[in-house]
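Text of data_2.cif, listed as mmCIF, C-alpha atoms:
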data_my_file
loop_
_atom_site.label_atom_id
_atom_site.label_comp_id
_atom_site.auth_asym_id
_atom_site.auth_seq_id
_atom_site.Cartn_x
_atom_site.Cartn_y
_atom_site.Cartn_z
CA MET A 1 36.61 78.98 114.14
CA ALA A 2 33.33 80.48 115.24
CA GLU A 3 35.10 83.04 117.41
CA LEU A 4 36.02 84.94 114.23
CA GLU A 5 32.43 86.11 113.97
CA ASN A 6 33.32 88.37 116.89
CA PRO A 7 34.81 91.63 115.50
CA ASN A 8 37.26 91.84 118.40
CA GLU A 9 38.59 88.37 117.66
CA MET A 10 38.98 89.27 113.99
CA ARG A 11 40.97 92.36 114.95
CA LYS A 12 43.23 90.18 117.09
CA LEU A 13 43.69 87.76 114.21
CA ILE A 14 44.50 90.55 111.78
CA ALA A 15 46.99 92.06 114.22
CA PHE A 16 48.66 88.69 114.68
CA LEU A 17 48.80 87.85 110.97
CA SER A 18 50.18 91.31 110.27
CA SER A 19 52.88 90.87 112.88
CA LEU A 20 53.84 87.45 111.51
CA LEU A 21 53.98 88.64 107.89
CA LYS A 22 55.92 91.75 108.90
CA LYS A 23 58.60 89.64 110.54
CA VAL A 24 58.81 87.27 107.59
CA ALA A 25 59.05 90.17 105.15
CA GLU A 26 61.68 92.00 107.17
CA SER A 27 63.71 88.83 107.57
CA ASN A 28 63.71 88.32 103.82
CA ASP A 29 64.54 91.99 103.25
CA ILE A 30 67.82 91.57 105.12
CA ASN A 31 69.23 89.26 102.50
CA GLN A 32 67.36 90.69 99.55
CA GLN A 33 70.45 91.93 97.75
CA GLN A 34 72.02 88.49 97.87
CA GLN A 35 68.73 86.92 96.83
CA LEU A 36 68.02 89.19 93.87
CA GLN A 37 70.06 87.12 91.45
CA HIS A 38 68.06 84.03 92.43
CA GLN A 39 64.65 85.68 92.47
CA LYS A 40 62.24 85.43 89.59
CA ILE A 41 60.81 88.63 88.12
CA SER A 42 57.22 88.80 89.32
CA VAL A 43 54.18 91.03 88.96
CA PHE A 44 53.97 90.97 92.76
CA GLN A 45 57.29 92.72 93.23
CA GLY A 46 56.99 96.48 93.62
CA LEU A 47 59.78 98.95 92.92
CA THR A 48 59.37 100.58 96.34
CA ARG A 49 57.92 99.65 99.70
CA PRO A 50 54.30 100.83 100.09
CA ASN A 51 53.84 103.63 102.61
CA ILE A 52 50.96 101.84 104.33
CA SER A 53 51.89 99.28 106.98
CA ILE A 54 50.96 95.63 106.59
CA GLN A 55 48.52 95.86 109.51
CA SER A 56 46.81 99.00 108.19
CA TYR A 57 46.57 97.41 104.76
CA LEU A 58 45.06 94.20 106.12
CA GLU A 59 42.64 96.23 108.25
CA ARG A 60 41.63 98.13 105.13
CA ILE A 61 40.95 94.86 103.30
CA PHE A 62 38.92 93.59 106.27
CA LYS A 63 36.90 96.81 106.39
CA TYR A 64 36.00 97.03 102.71
CA ALA A 65 36.17 93.51 101.29
CA ASN A 66 33.13 92.33 103.30
CA CYS A 67 34.16 88.72 102.85
CA SER A 68 33.51 85.99 105.40
CA PRO A 69 36.01 85.68 108.28
CA SER A 70 37.02 82.25 107.01
CA CYS A 71 38.49 83.90 103.90
CA PHE A 72 41.36 85.32 105.94
CA ILE A 73 42.31 81.86 107.18
CA VAL A 74 42.05 80.44 103.67
CA ALA A 75 44.06 83.36 102.29
CA TYR A 76 46.75 82.51 104.82
CA VAL A 77 46.70 78.88 103.65
CA TYR A 78 47.08 80.10 100.07
CA LEU A 79 50.06 82.27 100.99
CA ASP A 80 51.67 79.28 102.66
CA ARG A 81 51.13 77.13 99.59
CA PHE A 82 52.30 79.85 97.23
CA THR A 83 55.61 80.32 99.03
CA GLN A 84 56.18 76.57 99.10
CA LYS A 85 55.47 76.20 95.39
CA GLN A 86 57.36 79.39 94.46
CA PRO A 87 60.53 79.42 96.59
CA SER A 88 62.12 81.97 94.24
CA LEU A 89 59.45 84.48 95.32
CA PRO A 90 59.91 84.89 99.09
CA VAL A 91 57.54 87.20 100.94
CA ASN A 92 59.21 90.59 101.43
CA SER A 93 58.28 94.23 101.96
CA PHE A 94 58.06 94.80 98.21
CA ASN A 95 55.46 92.14 97.46
CA VAL A 96 53.57 91.33 100.68
CA HIS A 97 50.79 93.89 100.09
CA ARG A 98 50.02 92.60 96.60
CA LEU A 99 50.13 89.02 97.85
CA LEU A 100 47.66 89.88 100.59
CA ILE A 101 45.04 91.59 98.43
CA THR A 102 45.30 88.82 95.85
CA SER A 103 45.09 85.94 98.31
CA VAL A 104 42.05 87.43 100.07
CA MET A 105 40.30 88.09 96.76
CA VAL A 106 40.92 84.56 95.50
CA ALA A 107 39.78 83.13 98.84
CA ALA A 108 36.58 85.19 98.70
CA LYS A 109 35.84 84.00 95.17
CA PHE A 110 36.39 80.41 96.16
CA MET A 111 34.68 80.47 99.57
CA ASP A 112 31.85 82.99 99.41
CA ASP A 113 28.64 82.87 97.41
CA ILE A 114 28.72 86.65 96.93
CA TYR A 115 31.91 88.61 96.33
CA TYR A 116 33.14 91.79 94.67
CA ASN A 117 34.74 91.90 91.26
CA ASN A 118 38.39 92.58 90.46
CA ALA A 119 37.84 96.29 89.87
CA TYR A 120 36.51 96.69 93.40
CA TYR A 121 39.39 94.78 94.96
CA ALA A 122 41.81 96.84 92.91
CA LYS A 123 40.40 100.01 94.51
CA VAL A 124 40.65 98.47 97.96
CA GLY A 125 44.24 97.46 97.28
CA GLY A 126 45.26 100.76 95.73
CA ILE A 127 46.23 99.26 92.37
CA THR A 128 44.76 99.28 88.87
CA THR A 129 42.25 96.74 87.65
CA ILE A 130 44.74 95.56 85.02
CA GLU A 131 47.30 94.92 87.78
CA MET A 132 44.70 93.08 89.82
CA ASN A 133 43.87 90.85 86.87
CA PHE A 134 47.53 89.99 86.30
CA LEU A 135 48.10 89.36 90.01
CA GLU A 136 45.15 86.99 90.20
CA LEU A 137 46.29 85.05 87.15
CA ASP A 138 49.88 84.79 88.37
CA PHE A 139 48.72 83.76 91.84
CA LEU A 140 46.46 81.02 90.50
CA PHE A 141 49.18 79.57 88.30
CA GLY A 142 51.65 79.91 91.17
CA LEU A 143 49.32 77.81 93.29
CA GLY A 144 48.87 75.32 90.47
CA PHE A 145 45.14 76.07 90.91
CA CYS A 146 45.24 74.08 94.18
CA LEU A 147 42.47 76.04 95.89
CA ASN A 148 40.64 73.42 97.88
CA VAL A 149 41.21 73.59 101.63
CA THR A 150 40.01 70.48 103.44
CA PRO A 151 38.22 70.80 106.79
CA ASN A 152 41.19 69.11 108.50
CA THR A 153 43.65 71.58 107.00
CA PHE A 154 41.43 74.55 107.85
CA GLN A 155 41.06 73.34 111.42
CA ALA A 156 44.80 72.74 111.77
CA TYR A 157 45.57 76.32 110.73
CA CYS A 158 42.88 77.63 113.08
CA VAL A 159 44.25 75.67 116.03
CA HIS A 160 47.77 76.83 115.29
CA LEU A 161 46.76 80.48 114.99
CA GLN A 162 44.57 80.34 118.07
CA SER A 163 47.34 78.84 120.18
CA GLU A 164 49.81 81.48 119.03
CA MET A 165 47.31 84.27 119.64
CA MET A 166 46.60 82.98 123.14
CA LEU A 167 50.28 83.01 123.95
CA MET A 168 50.45 86.57 122.61
CA GLN A 169 54.15 86.10 122.01
CA PRO A 170 55.90 86.77 118.71
CA LEU A 171 56.92 83.70 116.78
CA ASN A 172 60.61 82.94 117.02
CA PHE A 173 61.97 83.07 113.49
CA THR A 174 65.58 82.36 114.46
CA ASP A 175 65.35 78.70 113.55
CA TYR A 176 62.81 79.21 110.79
CA SER A 177 63.43 79.38 107.11
CA LEU A 178 62.87 82.82 105.65
CA SER A 179 60.16 81.22 103.55
CA LEU A 180 56.68 81.66 104.99
CA GLY A 181 55.77 78.18 103.90
CA LYS A 182 58.70 76.51 105.62
CA SER A 183 58.21 78.50 108.79
CA LEU A 184 54.69 77.12 109.04
CA ASN A 185 55.85 73.61 108.30
CA ASN A 186 58.01 73.74 111.41
CA HIS A 187 54.74 73.83 113.35
CA LEU A 188 52.35 71.86 111.19
CA CYS A 189 52.28 68.82 108.98
CA PHE A 190 49.23 68.63 106.75
CA ASN A 191 47.81 65.76 104.80
CA GLU A 192 45.31 67.38 102.48
CA ASP A 193 43.49 66.55 99.31
CA GLU A 194 44.79 69.05 96.78
CA SER A 195 42.53 67.87 93.98
CA SER A 196 39.43 70.00 93.70
CA HIS A 197 37.71 71.50 90.72
CA GLN A 198 34.82 72.98 92.70
CA LYS A 199 34.02 76.62 92.09
CA GLN A 200 37.07 77.16 89.85
CA GLN A 201 34.82 78.55 87.14
CA GLN A 202 33.98 81.39 89.53
CA LEU A 203 37.57 82.58 89.34
CA ALA A 204 37.16 83.98 85.86
CA VAL A 205 37.51 87.75 85.84
#

Mind turning the file's structure into structure tokens?
Amino acid sequence: MAELENPNEMRKLIAFLSSLLKKVAESNDINQQQQLQHQKISVFQGLTRPNISIQSYLERIFKYANCSPSCFIVAYVYLDRFTQKQPSLPVNSFNVHRLLITSVMVAAKFMDDIYYNNAYYAKVGGITTIEMNFLELDFLFGLGFCLNVTPNTFQAYCVHLQSEMMLMQPLNFTDYSLSLGKSLNNHLCFNEDESSHQKQQQLAV
């Protein structure tokens, strides 16, 4: 997705991802009270909704993380996988910000040769370093350490996102599951090699 090297295209992508995640989070918020008894206690779940919007938060990460554009696609893949593997932790307004900063950080560590440490990402995300460490650990175990993203999978996500961005129309979540993972699966069917041990040693704090 070479177009992402263009700052304007990255801004469009961030705006679109923010809009998508906002709708997923708000949809899950509607039934949160009914879901609470089925939800697992998680370090991602905040007691209150952050004051900063999802788009402003993602723009802040983009501005200060200095990671490659591909990391945002990979982070999106990770979020999809995480919600599929952890159905008791649906994306909502109380956890989406922590999921975002964690997924981008893990993607940067896996994808980029040079990346910031956890303390830096904690400052970018507005949390403590201790929280960032716990979030990373929980995220990795939640993913089952399945961090490899095959070229075919990466390209499939890029094509999907590009087509949706070109349409410039909000995704219709009426027929979608409130799970981010299942909503994506209504569009895409991936056959990817989940077994990779490359660069996993770089994920140590």

Practice item. Output the residue selection produced by the PyMOL selection byres ((chain A and resi 48) around 10) on the file above, formatted as a PyMOL selection string. Key: chain A and resi 45-47+49-51+93-95

Residues of region 21-100 of chain A at most 8 Å from region 11-15 of chain A: nearest atom pair and distance in Å, all atoms listed in the file, as a Markdown table:
| residue | atom | partner | partner_atom | distance |
| --- | --- | --- | --- | --- |
| A:Gln55 | CA | A:Ala15 | CA | 6.2 |
| A:Leu58 | CA | A:Ile14 | CA | 6.8 |
| A:Glu59 | CA | A:Ile14 | CA | 6.9 |

Expected file: the selected residues, C-alpha atoms, as a CSV table (one decimal), keeping the file's coordinate frame:
chain,number,residue,atom,x,y,z
A,55,GLN,CA,48.5,95.9,109.5
A,58,LEU,CA,45.1,94.2,106.1
A,59,GLU,CA,42.6,96.2,108.2

Practice item. For the structure shown, which residues end up in the PyMOL selection byres ((chain A and resi 64-71) around 7)? Put them as a PyMOL selection string, please? Key: chain A and resi 4-5+60-63+72-75+104+107-108+111-112+115+124

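Atom pair CA of Gln155 (chain A) / CA of Asn8 (chain A) has a distance of 20.1 Å (rounded to one decimal).
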
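Of the residues under consideration (A:Ser163, A:Met132, A:Asn92, A:Leu143), A:Asn92 shows the shortest atom-to-atom contact distance to Glu26 (chain A) when counting all atoms listed in the file.
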
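Of the residues under consideration (A:Phe16, A:Phe110, A:Phe154, A:Tyr121), A:Tyr121 shows the shortest atom-to-atom contact distance to Leu135 (chain A) when counting all atoms listed in the file.
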
Revision key, fill the gap. Atom pair CA of Phe44 (chain A) + CA of Leu99 (chain A), distance 6.7 Å

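Counting only C-alpha atoms, the residue from A:Ala119, A:Val43, A:Leu161, A:Met166 that sits nearest to Leu20 (chain A) is A:Leu161.
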
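Distance-wise, CA of Thr153 (chain A) and CA of Arg81 (chain A) end up 11.9 Å apart.
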
Just need the box for region 101-107 of chain A, edges along x, y and z, holding every atom the file lists for it with 4 Å tacked onto each side, so centre and edge lengths in Å to one decimal, as JSON.
{"center_x": 42.5, "center_y": 87.4, "center_z": 97.8, "size_x": 13.5, "size_y": 16.5, "size_z": 12.6}

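For the set A:Met10, A:Leu17, A:Val77, A:Cys146, the residue with the smallest atom-to-atom gap to Glu164 (chain A) is A:Leu17, counting only C-alpha atoms.
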
Point to revise | Neighbour list for Leu137 (chain A) as a VMD selection string, cut-off 12 Å, all atoms listed in the file, skip fewer than 6 positions in-chain | key: chain A and resid 42 to 44 102 to 103 105 to 106 118 130 to 131 143 to 145 203 to 205
